[in-house]
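work.pdb, holding PDB, C-alpha atoms, pLDDT in the B column:
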```pdb
ATOM      1  CA  MET A   1     -26.810  30.028  -2.666  1.00 69.00           C
ATOM      2  CA  THR A   2     -25.435  27.056  -0.725  1.00 86.00           C
ATOM      3  CA  PRO A   3     -21.664  27.464  -0.420  1.00 92.00           C
ATOM      4  CA  LEU A   4     -19.360  24.998  -2.152  1.00 96.00           C
ATOM      5  CA  ARG A   5     -17.460  23.218   0.637  1.00 97.00           C
ATOM      6  CA  ILE A   6     -13.885  22.237  -0.204  1.00 97.00           C
ATOM      7  CA  LEU A   7     -11.372  20.108   1.689  1.00 98.00           C
ATOM      8  CA  ILE A   8      -7.687  20.686   0.838  1.00 97.00           C
ATOM      9  CA  VAL A   9      -5.273  17.780   1.332  1.00 97.00           C
ATOM     10  CA  ASP A  10      -1.513  18.293   0.983  1.00 96.00           C
ATOM     11  CA  ASP A  11       1.395  17.561   3.296  1.00 94.00           C
ATOM     12  CA  HIS A  12       3.058  20.910   2.524  1.00 94.00           C
ATOM     13  CA  ALA A  13       1.595  23.860   4.415  1.00 95.00           C
ATOM     14  CA  VAL A  14       2.777  26.364   1.808  1.00 95.00           C
ATOM     15  CA  VAL A  15       0.858  24.484  -0.906  1.00 94.00           C
ATOM     16  CA  ARG A  16      -2.291  24.381   1.210  1.00 95.00           C
ATOM     17  CA  ARG A  17      -2.026  28.135   1.810  1.00 94.00           C
ATOM     18  CA  GLY A  18      -1.612  28.814  -1.897  1.00 93.00           C
ATOM     19  CA  VAL A  19      -4.574  26.648  -2.866  1.00 94.00           C
ATOM     20  CA  ARG A  20      -6.706  28.154  -0.085  1.00 95.00           C
ATOM     21  CA  SER A  21      -5.886  31.694  -1.207  1.00 93.00           C
ATOM     22  CA  LEU A  22      -6.795  30.896  -4.814  1.00 93.00           C
ATOM     23  CA  LEU A  23     -10.056  29.125  -3.997  1.00 94.00           C
ATOM     24  CA  GLU A  24     -11.292  31.536  -1.341  1.00 92.00           C
ATOM     25  CA  SER A  25     -11.227  34.290  -3.970  1.00 90.00           C
ATOM     26  CA  GLN A  26     -14.225  32.636  -5.619  1.00 92.00           C
ATOM     27  CA  LEU A  27     -17.640  33.867  -4.506  1.00 92.00           C
ATOM     28  CA  GLY A  28     -19.587  31.192  -2.648  1.00 93.00           C
ATOM     29  CA  TRP A  29     -16.627  28.855  -2.150  1.00 95.00           C
ATOM     30  CA  GLU A  30     -15.452  28.032   1.351  1.00 95.00           C
ATOM     31  CA  ILE A  31     -12.611  25.918   2.692  1.00 96.00           C
ATOM     32  CA  SER A  32     -14.201  23.554   5.186  1.00 95.00           C
ATOM     33  CA  GLY A  33     -10.914  21.983   6.284  1.00 96.00           C
ATOM     34  CA  GLU A  34      -7.270  21.175   5.600  1.00 97.00           C
ATOM     35  CA  ALA A  35      -5.484  17.846   6.049  1.00 97.00           C
ATOM     36  CA  ALA A  36      -1.776  16.998   5.911  1.00 96.00           C
ATOM     37  CA  THR A  37      -1.991  13.185   5.653  1.00 95.00           C
ATOM     38  CA  GLY A  38      -4.180  10.746   3.775  1.00 95.00           C
ATOM     39  CA  ARG A  39      -5.486   9.252   6.994  1.00 95.00           C
ATOM     40  CA  GLU A  40      -6.402  12.682   8.356  1.00 97.00           C
ATOM     41  CA  ALA A  41      -8.167  13.443   5.072  1.00 97.00           C
ATOM     42  CA  VAL A  42     -10.350  10.341   5.384  1.00 96.00           C
ATOM     43  CA  ASP A  43     -11.338  11.254   8.939  1.00 96.00           C
ATOM     44  CA  MET A  44     -12.124  14.861   7.989  1.00 96.00           C
ATOM     45  CA  ALA A  45     -14.102  13.876   4.899  1.00 96.00           C
ATOM     46  CA  LYS A  46     -16.209  11.490   6.966  1.00 95.00           C
ATOM     47  CA  ARG A  47     -16.971  14.274   9.441  1.00 95.00           C
ATOM     48  CA  LEU A  48     -17.302  17.256   7.076  1.00 95.00           C
ATOM     49  CA  GLN A  49     -18.821  15.588   3.965  1.00 95.00           C
ATOM     50  CA  PRO A  50     -17.219  18.151   1.607  1.00 97.00           C
ATOM     51  CA  ASP A  51     -18.472  18.754  -1.919  1.00 97.00           C
ATOM     52  CA  ILE A  52     -14.951  18.747  -3.371  1.00 97.00           C
ATOM     53  CA  VAL A  53     -11.696  17.256  -2.088  1.00 98.00           C
ATOM     54  CA  VAL A  54      -8.524  18.703  -3.616  1.00 97.00           C
ATOM     55  CA  MET A  55      -6.074  15.869  -3.032  1.00 95.00           C
ATOM     56  CA  ASP A  56      -2.315  15.518  -3.416  1.00 94.00           C
ATOM     57  CA  LEU A  57      -1.021  12.153  -4.568  1.00 91.00           C
ATOM     58  CA  SER A  58       2.067  11.861  -2.348  1.00 90.00           C
ATOM     59  CA  LEU A  59       0.826  11.836   1.236  1.00 93.00           C
ATOM     60  CA  PRO A  60       2.265  10.250   4.386  1.00 92.00           C
ATOM     61  CA  GLU A  61       0.521   7.362   6.172  1.00 90.00           C
ATOM     62  CA  LEU A  62      -2.010   6.866   3.371  1.00 93.00           C
ATOM     63  CA  ASN A  63      -1.332   7.894  -0.231  1.00 93.00           C
ATOM     64  CA  GLY A  64      -3.768   9.934  -2.288  1.00 93.00           C
ATOM     65  CA  LEU A  65      -5.054   6.972  -4.300  1.00 93.00           C
ATOM     66  CA  ASP A  66      -6.001   4.891  -1.282  1.00 94.00           C
ATOM     67  CA  ALA A  67      -7.279   7.953   0.573  1.00 95.00           C
ATOM     68  CA  THR A  68      -9.543   8.624  -2.416  1.00 96.00           C
ATOM     69  CA  ARG A  69     -10.960   5.102  -2.264  1.00 95.00           C
ATOM     70  CA  GLN A  70     -11.679   5.400   1.446  1.00 95.00           C
ATOM     71  CA  ILE A  71     -13.140   8.902   1.211  1.00 96.00           C
ATOM     72  CA  LEU A  72     -15.595   7.810  -1.461  1.00 94.00           C
ATOM     73  CA  LYS A  73     -16.805   5.058   0.867  1.00 93.00           C
ATOM     74  CA  GLU A  74     -17.271   7.497   3.749  1.00 90.00           C
ATOM     75  CA  SER A  75     -18.500  10.451   1.686  1.00 92.00           C
ATOM     76  CA  PRO A  76     -19.835   9.082  -1.629  1.00 91.00           C
ATOM     77  CA  ARG A  77     -21.257  12.433  -2.747  1.00 92.00           C
ATOM     78  CA  SER A  78     -17.834  14.082  -2.630  1.00 95.00           C
ATOM     79  CA  GLU A  79     -15.942  14.712  -5.851  1.00 96.00           C
ATOM     80  CA  ILE A  80     -12.179  14.110  -5.761  1.00 97.00           C
ATOM     81  CA  LEU A  81      -9.719  16.296  -7.676  1.00 96.00           C
ATOM     82  CA  MET A  82      -6.155  14.983  -7.765  1.00 94.00           C
ATOM     83  CA  LEU A  83      -3.713  17.904  -7.762  1.00 92.00           C
ATOM     84  CA  THR A  84      -0.212  16.557  -8.244  1.00 88.00           C
ATOM     85  CA  MET A  85       3.185  17.269  -9.742  1.00 87.00           C
ATOM     86  CA  HIS A  86       3.392  13.694 -11.070  1.00 79.00           C
ATOM     87  CA  HIS A  87       2.171  12.578 -14.466  1.00 75.00           C
ATOM     88  CA  SER A  88       2.240   9.331 -16.399  1.00 73.00           C
ATOM     89  CA  GLU A  89      -0.326   7.296 -18.287  1.00 73.00           C
ATOM     90  CA  GLU A  90      -0.234   4.538 -15.679  1.00 76.00           C
ATOM     91  CA  LEU A  91      -0.730   7.036 -12.879  1.00 82.00           C
ATOM     92  CA  ALA A  92      -3.673   8.638 -14.675  1.00 81.00           C
ATOM     93  CA  ARG A  93      -5.265   5.201 -14.997  1.00 79.00           C
ATOM     94  CA  ASN A  94      -4.754   4.570 -11.292  1.00 86.00           C
ATOM     95  CA  VAL A  95      -6.272   7.951 -10.399  1.00 87.00           C
ATOM     96  CA  LEU A  96      -9.394   7.265 -12.449  1.00 85.00           C
ATOM     97  CA  GLN A  97      -9.747   3.724 -11.173  1.00 86.00           C
ATOM     98  CA  ALA A  98      -9.516   4.982  -7.591  1.00 91.00           C
ATOM     99  CA  GLY A  99     -12.633   7.080  -8.269  1.00 92.00           C
ATOM    100  CA  ALA A 100     -11.218  10.586  -8.710  1.00 93.00           C
ATOM    101  CA  ARG A 101     -12.883  12.472 -11.552  1.00 90.00           C
ATOM    102  CA  GLY A 102     -10.440  15.351 -11.721  1.00 91.00           C
ATOM    103  CA  TYR A 103      -6.700  15.357 -12.495  1.00 92.00           C
ATOM    104  CA  VAL A 104      -4.690  18.593 -12.592  1.00 90.00           C
ATOM    105  CA  LEU A 105      -0.933  19.064 -12.556  1.00 88.00           C
ATOM    106  CA  LYS A 106       0.344  21.521  -9.951  1.00 88.00           C
ATOM    107  CA  SER A 107       2.223  23.302 -12.725  1.00 86.00           C
ATOM    108  CA  ASP A 108      -1.162  24.021 -14.367  1.00 84.00           C
ATOM    109  CA  ALA A 109      -3.011  24.976 -11.178  1.00 85.00           C
ATOM    110  CA  ASP A 110      -3.080  28.730 -11.845  1.00 85.00           C
ATOM    111  CA  GLN A 111      -4.799  28.174 -15.188  1.00 86.00           C
ATOM    112  CA  SER A 112      -6.842  25.029 -14.540  1.00 89.00           C
ATOM    113  CA  LEU A 113      -7.734  24.593 -10.869  1.00 93.00           C
ATOM    114  CA  ILE A 114     -10.759  26.916 -10.831  1.00 94.00           C
ATOM    115  CA  ALA A 115     -12.121  25.424 -14.052  1.00 93.00           C
ATOM    116  CA  ALA A 116     -11.566  21.895 -12.736  1.00 94.00           C
ATOM    117  CA  ILE A 117     -13.525  22.570  -9.557  1.00 95.00           C
ATOM    118  CA  GLU A 118     -16.345  24.231 -11.511  1.00 94.00           C
ATOM    119  CA  SER A 119     -16.530  21.117 -13.685  1.00 93.00           C
ATOM    120  CA  LEU A 120     -16.591  18.750 -10.705  1.00 95.00           C
ATOM    121  CA  ARG A 121     -19.196  20.959  -9.047  1.00 93.00           C
ATOM    122  CA  GLN A 122     -21.469  19.995 -11.957  1.00 92.00           C
ATOM    123  CA  HIS A 123     -20.375  16.347 -11.548  1.00 90.00           C
ATOM    124  CA  LYS A 124     -18.468  16.449 -14.820  1.00 90.00           C
ATOM    125  CA  PRO A 125     -14.917  15.080 -15.087  1.00 89.00           C
ATOM    126  CA  PHE A 126     -11.939  17.356 -15.676  1.00 90.00           C
ATOM    127  CA  LEU A 127      -8.572  16.073 -16.877  1.00 85.00           C
ATOM    128  CA  THR A 128      -5.413  18.041 -17.453  1.00 77.00           C
ATOM    129  CA  SER A 129      -4.721  18.373 -21.182  1.00 69.00           C
ATOM    130  CA  ALA A 130      -1.642  16.156 -20.897  1.00 63.00           C
ATOM    131  CA  VAL A 131      -3.790  13.073 -20.208  1.00 63.00           C
ATOM    132  CA  THR A 132      -7.035  13.805 -22.065  1.00 64.00           C
ATOM    133  CA  GLU A 133      -5.939  12.389 -25.422  1.00 58.00           C
ATOM    134  CA  PHE A 134      -4.549   9.181 -23.957  1.00 57.00           C
ATOM    135  CA  VAL A 135      -7.701   8.662 -21.854  1.00 59.00           C
ATOM    136  CA  LEU A 136      -9.960   8.995 -24.863  1.00 57.00           C
ATOM    137  CA  ASP A 137      -7.872   6.588 -26.921  1.00 54.00           C
ATOM    138  CA  ASP A 138      -6.823   4.063 -24.344  1.00 52.00           C
ATOM    139  CA  TYR A 139      -8.614   4.003 -21.017  1.00 46.00           C
ATOM    140  CA  LEU A 140     -11.713   2.015 -21.977  1.00 45.00           C
ATOM    141  CA  ARG A 141      -9.573  -0.622 -23.716  1.00 48.00           C
ATOM    142  CA  TRP A 142      -7.072  -0.971 -20.883  1.00 42.00           C
ATOM    143  CA  ASN A 143      -7.320  -4.068 -18.716  1.00 42.00           C
ATOM    144  CA  GLU A 144      -5.774  -5.147 -15.424  1.00 42.00           C
ATOM    145  CA  THR A 145      -2.334  -6.149 -16.706  1.00 43.00           C
ATOM    146  CA  THR A 146       1.179  -4.943 -16.118  1.00 45.00           C
ATOM    147  CA  ASP A 147       3.426  -3.589 -18.864  1.00 45.00           C
ATOM    148  CA  ASP A 148       4.847  -7.077 -19.498  1.00 39.00           C
ATOM    149  CA  GLY A 149       1.362  -8.603 -19.806  1.00 40.00           C
ATOM    150  CA  VAL A 150       1.338 -10.312 -16.412  1.00 39.00           C
ATOM    151  CA  ALA A 151      -1.946  -9.968 -14.527  1.00 41.00           C
ATOM    152  CA  HIS A 152      -1.934  -7.784 -11.427  1.00 52.00           C
ATOM    153  CA  VAL A 153      -2.138  -9.625  -8.129  1.00 63.00           C
ATOM    154  CA  ALA A 154      -5.065  -8.242  -6.182  1.00 73.00           C
ATOM    155  CA  VAL A 155      -4.284  -6.867  -2.738  1.00 83.00           C
ATOM    156  CA  THR A 156      -6.926  -5.754  -0.284  1.00 85.00           C
ATOM    157  CA  ALA A 157      -7.385  -2.197   0.956  1.00 85.00           C
ATOM    158  CA  ARG A 158      -5.946  -3.199   4.341  1.00 89.00           C
ATOM    159  CA  GLU A 159      -2.937  -4.803   2.681  1.00 89.00           C
ATOM    160  CA  ARG A 160      -2.319  -1.638   0.674  1.00 89.00           C
ATOM    161  CA  GLU A 161      -2.342   0.387   3.898  1.00 91.00           C
ATOM    162  CA  ILE A 162       0.180  -1.965   5.482  1.00 92.00           C
ATOM    163  CA  ILE A 163       2.398  -2.001   2.393  1.00 92.00           C
ATOM    164  CA  GLN A 164       2.584   1.795   2.425  1.00 91.00           C
ATOM    165  CA  LEU A 165       3.365   2.022   6.135  1.00 92.00           C
ATOM    166  CA  LEU A 166       6.097  -0.624   5.906  1.00 91.00           C
ATOM    167  CA  ALA A 167       7.525   0.968   2.754  1.00 90.00           C
ATOM    168  CA  GLU A 168       7.676   4.279   4.628  1.00 90.00           C
ATOM    169  CA  GLY A 169       9.935   2.566   7.157  1.00 90.00           C
ATOM    170  CA  ARG A 170       7.412   1.964   9.941  1.00 91.00           C
ATOM    171  CA  SER A 171       8.058  -0.984  12.225  1.00 92.00           C
ATOM    172  CA  ASN A 172       5.404  -3.655  12.776  1.00 92.00           C
ATOM    173  CA  LYS A 173       4.621  -2.030  16.122  1.00 93.00           C
ATOM    174  CA  GLU A 174       4.300   1.450  14.600  1.00 93.00           C
ATOM    175  CA  ALA A 175       2.085   0.175  11.779  1.00 92.00           C
ATOM    176  CA  ALA A 176      -0.103  -1.647  14.286  1.00 93.00           C
ATOM    177  CA  SER A 177      -0.469   1.527  16.353  1.00 93.00           C
ATOM    178  CA  THR A 178      -1.372   3.619  13.300  1.00 93.00           C
ATOM    179  CA  LEU A 179      -4.054   1.169  12.174  1.00 93.00           C
ATOM    180  CA  GLY A 180      -5.326   0.314  15.650  1.00 92.00           C
ATOM    181  CA  ILE A 181      -4.690  -3.414  15.329  1.00 92.00           C
ATOM    182  CA  SER A 182      -2.357  -5.856  17.075  1.00 93.00           C
ATOM    183  CA  VAL A 183       1.269  -6.475  16.165  1.00 92.00           C
ATOM    184  CA  LYS A 184       0.416 -10.137  15.537  1.00 91.00           C
ATOM    185  CA  THR A 185      -2.214  -9.088  13.011  1.00 92.00           C
ATOM    186  CA  ILE A 186       0.329  -6.883  11.245  1.00 92.00           C
ATOM    187  CA  GLU A 187       2.810  -9.750  11.189  1.00 90.00           C
ATOM    188  CA  ALA A 188       0.193 -12.078   9.711  1.00 89.00           C
ATOM    189  CA  HIS A 189      -0.731  -9.533   7.031  1.00 89.00           C
ATOM    190  CA  ARG A 190       2.931  -8.883   6.274  1.00 90.00           C
ATOM    191  CA  ALA A 191       3.662 -12.580   5.792  1.00 88.00           C
ATOM    192  CA  ASN A 192       0.621 -12.965   3.553  1.00 87.00           C
ATOM    193  CA  ILE A 193       1.594  -9.909   1.495  1.00 90.00           C
ATOM    194  CA  MET A 194       5.138 -11.176   0.954  1.00 88.00           C
ATOM    195  CA  ARG A 195       3.836 -14.598  -0.066  1.00 85.00           C
ATOM    196  CA  LYS A 196       1.089 -13.248  -2.314  1.00 84.00           C
ATOM    197  CA  LEU A 197       3.384 -10.826  -4.128  1.00 87.00           C
ATOM    198  CA  ARG A 198       6.344 -13.221  -4.134  1.00 84.00           C
ATOM    199  CA  LEU A 199       8.567 -10.705  -2.381  1.00 86.00           C
ATOM    200  CA  ARG A 200      11.613 -11.789  -0.428  1.00 83.00           C
ATOM    201  CA  SER A 201      12.765  -8.613   1.317  1.00 85.00           C
ATOM    202  CA  VAL A 202      11.679  -5.190   2.537  1.00 84.00           C
ATOM    203  CA  SER A 203      13.604  -3.583  -0.319  1.00 85.00           C
ATOM    204  CA  GLU A 204      11.467  -5.527  -2.805  1.00 86.00           C
ATOM    205  CA  LEU A 205       8.371  -4.408  -0.896  1.00 89.00           C
ATOM    206  CA  VAL A 206       9.521  -0.784  -1.197  1.00 88.00           C
ATOM    207  CA  ARG A 207      10.069  -1.181  -4.952  1.00 86.00           C
ATOM    208  CA  TYR A 208       6.578  -2.679  -5.279  1.00 88.00           C
ATOM    209  CA  ALA A 209       5.096   0.278  -3.379  1.00 87.00           C
ATOM    210  CA  ILE A 210       6.924   2.767  -5.609  1.00 85.00           C
ATOM    211  CA  ARG A 211       5.851   1.009  -8.832  1.00 83.00           C
ATOM    212  CA  ASN A 212       2.240   1.056  -7.680  1.00 81.00           C
ATOM    213  CA  ASN A 213       2.268   4.719  -6.608  1.00 79.00           C
ATOM    214  CA  MET A 214       1.788   3.994  -2.901  1.00 84.00           C
ATOM    215  CA  VAL A 215       4.922   5.922  -1.997  1.00 83.00           C
ATOM    216  CA  GLN A 216       7.284   8.178  -3.918  1.00 76.00           C
ATOM    217  CA  PRO A 217      10.984   7.350  -4.368  1.00 69.00           C
TER     218      PRO A 217
END
```
Translate the structure described by the file into structure tokens.
Amino acid sequence: MTPLRILIVDDHAVVRRGVRSLLESQLGWEISGEAATGREAVDMAKRLQPDIVVMDLSLPELNGLDATRQILKESPRSEILMLTMHHSEELARNVLQAGARGYVLKSDADQSLIAAIESLRQHKPFLTSAVTEFVLDDYLRWNETTDDGVAHVAVTAREREIIQLLAEGRSNKEAASTLGISVKTIEAHRANIMRKLRLRSVSELVRYAIRNNMVQP
């Protein structure tokens, strides 16, 4: 039997060890790699082409939602399972829209993680029980609006990367180095982001990033 290749992504080593120990106990499952940041996860997924990616939401450099989007471009056959301590209806929507087909709370991992991976192995979705009912009732009717009915302003994948890095406190120079682009390009993107989102300060940018699950408060 071809082994099931799994990539574990979490910025806490103790969590990665716990997940590895649990998953390696399953016959025919192998851990093909571990990543501590979203950007590292994208690079590893491109190289390893794992069957399953077990992904945390709160990751440095590139959050789990945007890492999911990029991984599915680089490794479209991979299934993404979001394993997180965070739960809300809006977050569940964002996870599904990013392309992940699995959503498990860390508090439920002992009971649900194995079953979730078995489901994704068969290319079937798996949602933690806390979000299943709302998804069935609401997800297909939900449209791209905020809670107050105002349409979301679309930002590009590159802009989302820059927003996260700046919200994490990176300077223009540090963000440019991380993304491999010039400082002038970062400055141009930053100005466009602030104008597009009608933001007037870095603190407003940080609040935007928190509201949209790019960084955690």
Within 7 Å of stretch 54-70 of chain A using only C-alpha atoms, minus same-chain residues under 6 positions, as a count of residues only: 24
The PyMOL selection byres ((chain A and resi 176-186) around 10) applied to the shown file, residues as number ranges by chain: A: 39, 61, 158-159, 161-162, 165, 170-175, 187-192
Minimum-distance residue to A:Asp43, chosen among A:Ser21, A:Ser75, A:Gln122, A:Asn212 (using all atoms listed in the file): A:Ser75
Using only C-alpha atoms: which of A:Val14, A:Arg200, A:Glu89, A:Thr128 has the shortest distance to A:Ser112: A:Thr128
Point-to-point distance in Å for atom CA of A:Leu27 and atom CA of A:Glu79: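 If I compute the distance from atom CA of A:Glu79 to atom CA of A:Leu27, I get 19.3 Å.
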Selected residue, from A:Arg211, A:Gly102, A:Lys46, A:Ala92, that lies nearest to A:Glu118 when counting only C-alpha atoms: A:Gly102
Å distance separating atom CA of A:Leu4 from atom CA of A:Trp29, one decimal place: 4.7 Å
Near-stretch 203-208 of chain A list (8 Å; all atoms listed in the file; drop same-chain fewer than 5 positions) as a PyMOL selection string: chain A and resi 163+166-168+194
Create the file for the chosen residues now, containing C-alpha atoms and written as a short mmCIF file (atom, residue, chain, number, x, y, z; two decimals), in the frame of the given file.
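Ended up saving to out_10.cif:
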```
data_model
loop_
_atom_site.label_atom_id
_atom_site.label_comp_id
_atom_site.auth_asym_id
_atom_site.auth_seq_id
_atom_site.Cartn_x
_atom_site.Cartn_y
_atom_site.Cartn_z
CA ILE A 163 2.40 -2.00 2.39
CA LEU A 166 6.10 -0.62 5.91
CA ALA A 167 7.52 0.97 2.75
CA GLU A 168 7.68 4.28 4.63
CA MET A 194 5.14 -11.18 0.95
#
```
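Distances to A:Leu120 were evaluated for A:Glu74, A:Asp51, A:Glu90, A:Asp108 using only C-alpha atoms, and the minimum falls at A:Asp51.
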Top pick for closest residue to A:Leu105, considering A:Ser88, A:Ser119, A:Ser78, A:Ser25 and counting only C-alpha atoms: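 Result for the nearest residue to A:Leu105: A:Ser88.
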Residue members of the PyMOL selection byres ((chain A and resi 20) around 10) in the file shown, as a list in words: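 Checked against the file, the PyMOL selection byres ((chain A and resi 20) around 10) matches Ile6, Leu7, Ile8, Val14, Val15, Arg16, Arg17, Gly18, Val19, Ser21, Leu22, Leu23, Glu24, Ser25, Glu30, Ile31, Gly33 and Glu34 of chain A.
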Once you have the residues from the selection above, write them out as a compact mmCIF listing (two decimals), in the frame of the given file, restricted to C-alpha atoms.
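Wrote it out as selection-v7.txt, contents follow:
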```txt
# COMPACT_ATOMS: atom_id res chain seq x y z
CA ILE A 6 -13.88 22.24 -0.20
CA LEU A 7 -11.37 20.11 1.69
CA ILE A 8 -7.69 20.69 0.84
CA VAL A 14 2.78 26.36 1.81
CA VAL A 15 0.86 24.48 -0.91
CA ARG A 16 -2.29 24.38 1.21
CA ARG A 17 -2.03 28.14 1.81
CA GLY A 18 -1.61 28.81 -1.90
CA VAL A 19 -4.57 26.65 -2.87
CA SER A 21 -5.89 31.69 -1.21
CA LEU A 22 -6.80 30.90 -4.81
CA LEU A 23 -10.06 29.12 -4.00
CA GLU A 24 -11.29 31.54 -1.34
CA SER A 25 -11.23 34.29 -3.97
CA GLU A 30 -15.45 28.03 1.35
CA ILE A 31 -12.61 25.92 2.69
CA GLY A 33 -10.91 21.98 6.28
CA GLU A 34 -7.27 21.18 5.60
```
Proximity to A:Thr156 - best of A:Ala41, A:Val53, A:Met85, A:Ile193, all atoms listed in the file: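 Checking each of A:Ala41, A:Val53, A:Met85, A:Ile193 against A:Thr156, counting all atoms listed in the file, the winner is A:Ile193.
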Separation of atom CA of A:Gly28 from atom CA of A:Arg5, in Å and rounded to one decimal: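 So the answer is 8.9 Å.
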